[in-house]
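These notes concern the structure reproduced below.
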Amino acid sequence: MIEGATWRRWVFFYVPLTSFVVLLLFPFYWMVITTLRPDRELYRPWNSVNYNPFWTWHPTLSHIRDLLTQTLFTTWLMNTMIIALSATAISLFCGLLGGYALSRLQFRFAGLLGTAIFITYLVPQTLLFIPLADIIRNFHLGDSRWALILTYPTFLIPFCTWLMMGYFKSIPKELEECARIDGAARWKAMVYIIFPIAIPGILSAGIFAFTLSWNEFLYALVFLSSPGEKTVPVGVTSELIRGDVFYWGELMAGALLGSIPVAFVYSFFVEHYVASVTGSVKG
Amino acid sequence: MSFTTVAAARPYVGAPRRGPLTRLLEDERWLGGLLLLPTVVLLGLFIAYPFVKGVMLSVTDARVGVPGHFVGLQNFEEVWNDSIFRIAVWNTCVYTLVATAFKLALGLWLAVLLNRHFRGKAITRAFILLPFIVPTVLSTLAWKWMFDPTFSVINWILFHLDLIHSRINWLGEPNLALISVIIVNVWRGLPFYAITLLAGLQTISPELHEAAAIDGARAWQRFRHVTWPLLLPVTLVVTLFSVIQTFADFQLVYVLTGGGPANATQLFATYAYQIGIGTGLLSQGATISLAVFPVLLLVVIFQLFYIRRVETH
Amino acid sequence: MAGINRRRLLQLSGAGMVAAGSGGLAAILAASRAPAYAQATTVHWLRWSDFVPASDALLHNQIAPECEKALGIKLNIEMVNANDIQARVTSAVQSGAGPDVILALNNWPQLYTDSLVDVSDVAEKLGAEQGGYYPISKAVATVGDKWIGVPWCVGGGLVAYRKSWFAEIGYDKFPDTWDKLQAAGKTLKAKGRPFGQALSHSFGDPPGFWYPWLWSWGGKEVDTDGKTVALDSPETLQSVKAAVPFWNEACDSGGLAWDDSSNNRAFLSGSICATNNGASIYLEAKRKPDTYQTEKGTPMYLDIAHAPLPKGPGGQFNLPGPFTNMLMGYSKQQKAAKEVILWVNSKPIFEQWFTSQQGYTDGATRYWEKDAVWNKDPVLLPFRDIPIEGRLMGYAGPPGRASAEAQTKYIIVDMYAKAVQGTAPQDAVKWAQGELVKVYT
């Protein structure tokens with residue numbers, strides 16, 4: 001809330017915001033240019049005369065075309081999408097229920113369980129993936145999406161749970177009690193009254209979970225092996241990094257095509273961040 | 001507790017009859033257990049059990065394919081005497097502290113900026129998440145090229161702004177390499193802080209701000225006394241999780257520098273991977289992964305107490 | 001077999017093996033190309049994404065179908081980034097399931113000896129047929145007399161250099177001693193064209209240069225008993241002392257941050273005059289003559305030649321990269337896998353793959369020295385002789401598990417990296433010696 005002179009608006013708002021946006025998105029601009037650059041220009045050192053990092057006069061779509069036609073990129077994109085959506089759904093489900101239980105119900109092991117869930121987050125993936133491979137094999141989940149859909153929640157649920165706990169705690173207890181006085185069952189009060197209020201938190205947790213699933217590399221590398229099952233990070237790096245030759249144009253195309261569509265989708269959900277909350281939480 | 005008073009005051013007239021299942025669901029203990037069941041099952045199966053196996057690995061001399069014998073704490077002793085391990089721990093601490101401080105400060109600032117109405121708000125908020133969305137493996141490759149001594153676009157910019165006269169070897173000088181790695185981590189994590197804190201800011205009723213403004217509080221005072229305390233719970237949770245994740249960061253450093261030059265950017269996760277997978281010494285890899293676990297646990301417990309304290313205010 | 005009806009047998013036999021419509025079992029017995037296996041057997045082969053994409057395409061599109069026709073075995077080939085192979089091996093061995101055959105680099109088979117199948121029968125047969133294996137290929141694939149892997153090929157590095165630039169300053173052949181290279185490099189660096197070498201934590205190029213550097217001064221990691229660490233010696237100290245001026249005067253200092261692909265890019269962009277590398281630089285330049293040009297506008301590949309690493313007081317050496325196919329102990333298709341390995345290494349089949357490599361790799365047996373591929377391009381001919389004179393990590397001991405650990409920890413490479421960045425040479429050597437001792441005990 002910056003009232004007052006226009007200069008204040010510029011100094012305290014527009015300039016900082018623009019700086020942030022530029023610094024955060026500059027690498028993406030650079031990736032776009034690299035994707036469109038012909039190979040000839042990709043290999044010019046920075047102090048050569050005609051080096052121009054920000055523009056190319058000979059844009060080419062060949063890298064994008066090669067990525068889409070000569071690799072299984074679209075398949076990988078779909079795999080990653082399905083896996084990320086499923087893992088997010090599971091994590092949100094568990095996180096929502098668990099967060100509610102831990103923050104608004106009283107039972108003996110609440111504190112202990114809460115801490116235990118949290119501690120599982122401390123165990124690094126680089127340690128877990130080896131014994132996990134064993135379990136995956138025991139359940140015959142090897143080389144299938146389910147291996148990832150079931151293992152990704154392991155690093156997503158703790159955060160979702162705690163985030164939801166945080167949001168739930170800021171909602172006054174009186175809300176449920178009023179509902180129960182009116183005769184509503186406890187679980188109905190939970191689903192119909194509390195959950196809708198926590199929607200910003202749910203969206204935030206959902207975005208977090210989806211992004212981390214989208215991004216994950218190690219488990220995807222180890223548990224999947226058929227080219228048609230791979231996810232974007234694993235597929236792109238295994239196809240486009242061959243020994244000591246990197247196919248930069250295609251790699252950057254893969255990075256862009258593997259992230260910009262997701263950002264587009266997010267822009268729809270971000271709308272719902274509007275504080276529809278404030279009205280209903282009044283005591 | 002108000003709950004019991006409410007329960008006692010529940011009228012008998014009009015109360016619906018409840019079957020045994022519903023009664024069960026009303027009981028806090030049962031409902032709590034039921035709600036936590038899926039979580040417990042998933043985490044128990046896919047973390048607790050492998051974790052125990054991992055701990056068992058660290059107290060044997062197992063290698064790949066060789067179960068090995070029990071050796072007690074010998075691995076931990078060896079690892080502690082390993083100079084590379086100590087460098088890795090130091091690097092990890094510096095990396096985590098500095099990156100988190102920047103992510104928090106900048107993330108908060110950005111969240112405050114995004115909390116206003118302006119044109120293109122939705123698109124901006126979504127697109128600044130891009131660094132967080134793009135697979136780390138790929139964005140780190142892009143950064144690698146941006147830092148590359150022969151091709152660095154950053155060097156080009158600085159050179160043309162007359163700020164430097166010869167190139168900067170971002171990833172080749174030990175201190176610069178650590179700074180570069182921190183820069184990429186902050187770049188990647190900042191949007192996440194911003195968006196989560198933004199959601200937190202959104203739950204703070206604007207009327208509180210208005211009331212404070214009417215009482216004559218200026219912007220900074222409003223922030224300190226209204227915004228910050230209400231935001232603290234979310235901030236603490238986000239920071240805690242981010243600290244843990246940054247501490248265990250692997251992919252970013254592995255792709256950018258491989259731990260070099262001469263271990264200047266070696267983190268304990270990259271070192272554990274290098275040893276466990278690269279040389280097949282699984283027990284040592286597990287030991288390195290677990291060696292910092294007690295430290296993390298202490299940090300976490302400390303912060304959890306702090307969170308509880310803040311909440312009971 | 002009681003209870004299996006005709007339809008079920010048809011299902012079990014898989015498509016194409018039984019004539020549709022005619023009687024089940026009878027058809028199988030009568031078919032002239034009777035399959036060796038009643039069920040479709042699949043052998044899963046995990047390899048690295050080959051630098052030469054044409055070779056991978058060949059494997060998928062030609063060799064795999066041919067295998068199915070010739071042996072009745074379905075060959076499922078998977079490619080991953082070389083860096084990721086070890087993670088796959090580790091999880092496969094620990095969980096007891098995964099690819100049947102895995103292509104290993106360097107001396108990785110020595111890390112997994114307990115989990116590999118004895119393939120002496122296959123290896124000895126191939127070795128006998130093809131003129132014997134190179135000592136380095138054998139060293140990484142055997143434990144004593146037992147073969148734990150079947151060598152596939154050998155990759156190696158030579159110095160790729162710009163002929164015209166060296167000719168301009170008076171060298172019509174590549175400098176053959178370190179002193180000469182340092183002098184030439186100094187002149188060229190002053191012109192903005194230094195020698196380029198990685199001195200970082202990258203698993204290919206740094207060891208490929210710095211181990212031979214160590215050896216060429218007479219230094220070594222361990223004694224011939226394979227246990228006593230002998231790094232701390234006057235020769236090693238001399239090699240470290242000499243590395244500092246060599247680096248500062250002749251090399252691109254960016255090399256401290258380079259990965260395996262950086263020198264390729266630097267060379268192809270005309271920033272460095274020479275670098276130790278596989279044939280990938282030349283082959284890439286040849287593949288795209290319009291993209292990679294000299295400053296005069298001519299295709300760069302015409303200006304590239306290869307030479308061995310220069311001589312030092314202790315000799316002249318190189319560090320090749322052997323590739324070995326490991327047959328995993330958990331595999332349920334061991335018999336079929338052995339057949340596949342035998343078949344794919346056989347002269348007519350391997351020939352196809354070898355030709356597609358255009359000289360990037362050598363065969364693992366001496367037979368391939370005479371292959372026609374070496375006559376195609378004289379620039380690549382020097383690669384043929386790499387395996388003969390190669391040495392492996394862990395010299396003078398065997399290239400066993402400890403040497404792999406030393407390499408993974410970049411002990412030797414870091415010794416030079418520290419010295420070049422200001423650590424006193426004696427301290428760098430002492431540090432490396434200490435680290436090696438820990439590894440070898």
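Each chain in the structure tokens gets a letter, A, B, ..., in the order shown, and its residues are numbered from 1; ligands are numbered from 1 in order too.
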
| said: Please return, as a PyMOL selection string, all residues of segment 30-68 of chain A that DSSP assigns to alpha helix (DSSP H) on the basis of the backbone. | reply: chain A and resi 30-36+39-42+62-68

Please produce a file of those selected residues containing C-alpha atoms, as an mmCIF file, in the first residue's frame.
data_model
loop_
_atom_site.group_PDB
_atom_site.id
_atom_site.type_symbol
_atom_site.label_atom_id
_atom_site.label_comp_id
_atom_site.auth_asym_id
_atom_site.auth_seq_id
_atom_site.Cartn_x
_atom_site.Cartn_y
_atom_site.Cartn_z
ATOM 1 C CA TRP A 30 18.690 -16.601 -22.824
ATOM 2 C CA MET A 31 17.377 -20.156 -23.204
ATOM 3 C CA VAL A 32 14.877 -18.994 -25.801
ATOM 4 C CA ILE A 33 17.581 -17.304 -27.825
ATOM 5 C CA THR A 34 19.784 -20.378 -27.574
ATOM 6 C CA THR A 35 16.977 -22.583 -28.772
ATOM 7 C CA LEU A 36 16.444 -20.406 -31.790
ATOM 8 C CA ASP A 39 24.559 -24.100 -34.493
ATOM 9 C CA ARG A 40 26.956 -21.787 -36.244
ATOM 10 C CA GLU A 41 26.361 -19.088 -33.691
ATOM 11 C CA LEU A 42 26.258 -21.292 -30.644
ATOM 12 C CA SER A 62 15.346 -26.817 -36.266
ATOM 13 C CA HIS A 63 16.256 -27.486 -32.653
ATOM 14 C CA ILE A 64 12.643 -27.521 -31.572
ATOM 15 C CA ARG A 65 11.735 -29.643 -34.537
ATOM 16 C CA ASP A 66 14.513 -32.123 -33.797
ATOM 17 C CA LEU A 67 13.485 -32.321 -30.200
ATOM 18 C CA LEU A 68 9.915 -33.110 -31.050
#

| said: Using only C-alpha atoms and a cut-off of 8 Å, which residues of chain C sit close to chain A? Please list them as a VMD selection string. | reply: chain C and resid 48 to 53 78 to 82 84 87 to 88 90 to 92 94 to 97 260 to 261 264 to 266 268 to 269 271 280 290 to 292

Keeping C-alpha atoms for every residue in the selection just given, could you write it to a file as a CSV table (one decimal), in the first residue's frame?
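Written output follows (out-v3.csv):
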chain,number,residue,atom,x,y,z
C,48,TRP,CA,25.8,-45.3,-22.5
C,49,SER,CA,24.3,-42.8,-25.0
C,50,ASP,CA,27.0,-43.2,-27.5
C,51,PHE,CA,28.8,-40.0,-28.7
C,52,VAL,CA,28.2,-41.2,-32.2
C,53,PRO,CA,24.4,-41.2,-32.5
C,78,GLU,CA,18.5,-48.9,-23.3
C,79,MET,CA,20.7,-45.9,-23.4
C,80,VAL,CA,21.5,-43.6,-20.6
C,81,ASN,CA,24.0,-40.8,-19.9
C,82,ALA,CA,27.3,-42.3,-19.0
C,84,ASP,CA,24.1,-42.3,-14.7
C,87,ALA,CA,23.5,-45.4,-10.2
C,88,ARG,CA,21.6,-47.9,-12.2
C,90,THR,CA,24.0,-50.0,-7.8
C,91,SER,CA,20.3,-50.1,-7.5
C,92,ALA,CA,20.0,-53.1,-9.8
C,94,GLN,CA,21.1,-54.1,-4.5
C,95,SER,CA,17.5,-54.9,-5.5
C,96,GLY,CA,18.4,-58.0,-7.4
C,97,ALA,CA,16.7,-57.1,-10.6
C,260,ASP,CA,34.0,-33.1,-20.4
C,261,SER,CA,32.3,-31.0,-23.0
C,264,ASN,CA,35.1,-29.5,-27.2
C,265,ARG,CA,33.2,-26.3,-27.3
C,266,ALA,CA,36.3,-24.2,-26.7
C,268,LEU,CA,35.3,-25.7,-31.9
C,269,SER,CA,34.9,-22.0,-31.2
C,271,SER,CA,39.5,-20.4,-28.3
C,280,SER,CA,34.6,-36.3,-30.9
C,290,ASP,CA,29.7,-25.1,-42.4
C,291,THR,CA,29.1,-24.6,-38.7
C,292,TYR,CA,32.7,-24.9,-37.6

Enumerate, in order of chain and increasing residue number, the residues of chain B with an atom no farther than 8 Å from chain C, each with its shortest atom pair and distance in Å to one decimal, counting only C-alpha atoms, as a tab-separated table.
residue	atom	partner	partner_atom	distance
B:Val64	CA	C:Thr90	CA	6.2
B:Gly65	CA	C:Ser115	CA	5.6
B:Val66	CA	C:Asp114	CA	6.8
B:Asp148	CA	C:Ala257	CA	7.6
B:Pro149	CA	C:Gly254	CA	5.5
B:Thr150	CA	C:Ala266	CA	6.6
B:Asn169	CA	C:Gly254	CA	6.1
B:Trp170	CA	C:Ala257	CA	7.9
B:Leu171	CA	C:Ala257	CA	5.0
B:Gly172	CA	C:Ala257	CA	4.2
B:Glu173	CA	C:Leu256	CA	7.5
B:Thr257	CA	C:Ala257	CA	6.9
B:Gly258	CA	C:His201	CA	5.4
B:Gly259	CA	C:His201	CA	6.6
B:Gly260	CA	C:His201	CA	5.3
B:Pro261	CA	C:Ser200	CA	5.5
B:Ala262	CA	C:Asp414	CA	5.2
B:Gln274	CA	C:Thr408	CA	6.8
B:Ile275	CA	C:Thr408	CA	7.4
B:Ile277	CA	C:Ala87	CA	5.8
B:Gly278	CA	C:Thr408	CA	6.0
B:Thr279	CA	C:Glu405	CA	5.0
B:Gly280	CA	C:Leu111	CA	6.1

Closest pair table for chain A residues within 6 Å of chain B, only C-alpha atoms, as a Markdown table:
| residue | atom | partner | partner_atom | distance |
| --- | --- | --- | --- | --- |
| A:Pro45 | CA | B:Phe151 | CA | 4.7 |
| A:Trp46 | CA | B:Phe151 | CA | 4.8 |
| A:Cys94 | CA | B:Thr39 | CA | 5.5 |
| A:Leu97 | CA | B:Leu35 | CA | 5.1 |
| A:Gly98 | CA | B:Leu36 | CA | 4.9 |
| A:Ala101 | CA | B:Gly32 | CA | 4.9 |
| A:Leu105 | CA | B:Glu28 | CA | 5.8 |
| A:Phe107 | CA | B:Arg29 | CA | 5.0 |
| A:Leu127 | CA | B:Ala286 | CA | 5.9 |
| A:Leu128 | CA | B:Pro50 | CA | 5.9 |
| A:Pro131 | CA | B:Pro50 | CA | 5.1 |
| A:Leu132 | CA | B:Pro50 | CA | 5.9 |
| A:Thr154 | CA | B:Leu43 | CA | 5.8 |
| A:Arg186 | CA | B:Glu26 | CA | 5.6 |
| A:Thr211 | CA | B:Ile133 | CA | 5.4 |
| A:Asn215 | CA | B:Pro135 | CA | 4.4 |
| A:Ala255 | CA | B:Leu138 | CA | 5.7 |
| A:Ser259 | CA | B:Val134 | CA | 4.9 |
| A:Ala263 | CA | B:Phe127 | CA | 5.6 |
| A:Tyr266 | CA | B:Ala126 | CA | 5.5 |
| A:Ser267 | CA | B:Ala126 | CA | 4.6 |
| A:Glu271 | CA | B:Ala122 | CA | 5.9 |
| A:Ala275 | CA | B:Gln202 | CA | 5.3 |
| A:Thr278 | CA | B:Ser205 | CA | 5.4 |

| message | Please compute the atom CA of Ala184 of chain A-atom CA of Leu113 of chain A distance, one decimal, in Å. | response | 27.5 Å

| request: In Å, rounded to a single decimal, give me how far atom CA of Lys286 of chain C is from atom CA of Arg384 of chain C. | output: 18.7 Å

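With atom CA of Thr361 of chain C on one side and atom CA of Gly204 of chain C on the other, the separation reads 14.5 Å.
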
| field | Contacts of segment 309-323 of chain C within 9 Å, only C-alpha atoms, excl. fewer than 3 positions in-chain, as a VMD selection string | value | chain C and resid 103 to 107 136 to 137 140 150 to 159 174 to 181 204 207 to 209 211 to 219 235 276 364 386 to 387 389 to 393

Can you write out the residues you just picked, keeping C-alpha atoms, as a PDB file, in the first residue's frame?
ATOM      1  CA  LEU C 103      28.162 -51.790 -20.474  1.00  0.00           C
ATOM      2  CA  ALA C 104      30.734 -50.586 -17.973  1.00  0.00           C
ATOM      3  CA  LEU C 105      33.359 -47.910 -18.453  1.00  0.00           C
ATOM      4  CA  ASN C 106      36.929 -47.925 -17.195  1.00  0.00           C
ATOM      5  CA  ASN C 107      37.499 -50.342 -14.364  1.00  0.00           C
ATOM      6  CA  ILE C 136      44.366 -53.127 -20.635  1.00  0.00           C
ATOM      7  CA  SER C 137      41.072 -54.640 -21.762  1.00  0.00           C
ATOM      8  CA  VAL C 140      39.780 -54.478 -16.161  1.00  0.00           C
ATOM      9  CA  VAL C 150      33.560 -59.384 -21.963  1.00  0.00           C
ATOM     10  CA  PRO C 151      35.527 -56.423 -23.330  1.00  0.00           C
ATOM     11  CA  TRP C 152      33.634 -54.474 -25.927  1.00  0.00           C
ATOM     12  CA  CYS C 153      35.888 -51.716 -27.177  1.00  0.00           C
ATOM     13  CA  VAL C 154      38.456 -49.162 -26.103  1.00  0.00           C
ATOM     14  CA  GLY C 155      38.060 -45.413 -26.232  1.00  0.00           C
ATOM     15  CA  GLY C 156      41.036 -43.157 -25.965  1.00  0.00           C
ATOM     16  CA  GLY C 157      42.286 -39.640 -26.202  1.00  0.00           C
ATOM     17  CA  LEU C 158      44.864 -37.881 -28.248  1.00  0.00           C
ATOM     18  CA  VAL C 159      45.760 -34.262 -28.548  1.00  0.00           C
ATOM     19  CA  PHE C 174      52.975 -31.288 -32.712  1.00  0.00           C
ATOM     20  CA  PRO C 175      55.579 -30.638 -29.967  1.00  0.00           C
ATOM     21  CA  ASP C 176      56.694 -33.986 -28.659  1.00  0.00           C
ATOM     22  CA  THR C 177      58.074 -32.998 -25.260  1.00  0.00           C
ATOM     23  CA  TRP C 178      56.488 -31.026 -22.452  1.00  0.00           C
ATOM     24  CA  ASP C 179      59.129 -28.326 -22.682  1.00  0.00           C
ATOM     25  CA  LYS C 180      58.414 -27.763 -26.331  1.00  0.00           C
ATOM     26  CA  LEU C 181      54.684 -27.745 -25.719  1.00  0.00           C
ATOM     27  CA  GLY C 204      36.601 -38.187 -18.541  1.00  0.00           C
ATOM     28  CA  PRO C 207      42.096 -38.128 -15.545  1.00  0.00           C
ATOM     29  CA  GLY C 208      42.805 -38.649 -19.239  1.00  0.00           C
ATOM     30  CA  PHE C 209      45.461 -35.936 -19.125  1.00  0.00           C
ATOM     31  CA  TYR C 211      47.397 -39.449 -15.000  1.00  0.00           C
ATOM     32  CA  PRO C 212      49.629 -39.640 -18.119  1.00  0.00           C
ATOM     33  CA  TRP C 213      51.252 -36.387 -16.977  1.00  0.00           C
ATOM     34  CA  LEU C 214      52.117 -38.020 -13.679  1.00  0.00           C
ATOM     35  CA  TRP C 215      53.456 -41.111 -15.380  1.00  0.00           C
ATOM     36  CA  SER C 216      55.466 -39.182 -17.925  1.00  0.00           C
ATOM     37  CA  TRP C 217      57.520 -37.703 -15.096  1.00  0.00           C
ATOM     38  CA  GLY C 218      58.068 -41.119 -13.599  1.00  0.00           C
ATOM     39  CA  GLY C 219      55.489 -40.858 -10.864  1.00  0.00           C
ATOM     40  CA  GLU C 235      59.358 -37.779  -9.561  1.00  0.00           C
ATOM     41  CA  ASN C 276      43.505 -33.831 -25.177  1.00  0.00           C
ATOM     42  CA  ALA C 364      39.092 -54.693 -27.667  1.00  0.00           C
ATOM     43  CA  ILE C 386      46.113 -46.163 -28.285  1.00  0.00           C
ATOM     44  CA  PRO C 387      45.284 -49.431 -26.520  1.00  0.00           C
ATOM     45  CA  GLU C 389      50.610 -48.384 -25.213  1.00  0.00           C
ATOM     46  CA  GLY C 390      47.952 -47.524 -22.696  1.00  0.00           C
ATOM     47  CA  ARG C 391      48.261 -47.647 -18.943  1.00  0.00           C
ATOM     48  CA  LEU C 392      45.437 -47.737 -16.467  1.00  0.00           C
ATOM     49  CA  MET C 393      44.725 -46.002 -13.177  1.00  0.00           C
TER      50      MET C 393
END

| message | Would you pick out the contacts of Asn75 of chain B at 10 Å or less, using only C-alpha atoms, so that residues sharing its chain but fewer than 3 positions from it are not included, and give the list as an NGL selection string? | response | :B and (58-61 or 71-72 or 78-81 or 283-288 or 291)

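Of the residues listed (B:Phe76, B:Trp220, B:Phe118, B:Tyr95), B:Tyr95 shows the shortest atom-to-atom separation from Leu267 of chain B; distances use only C-alpha atoms.
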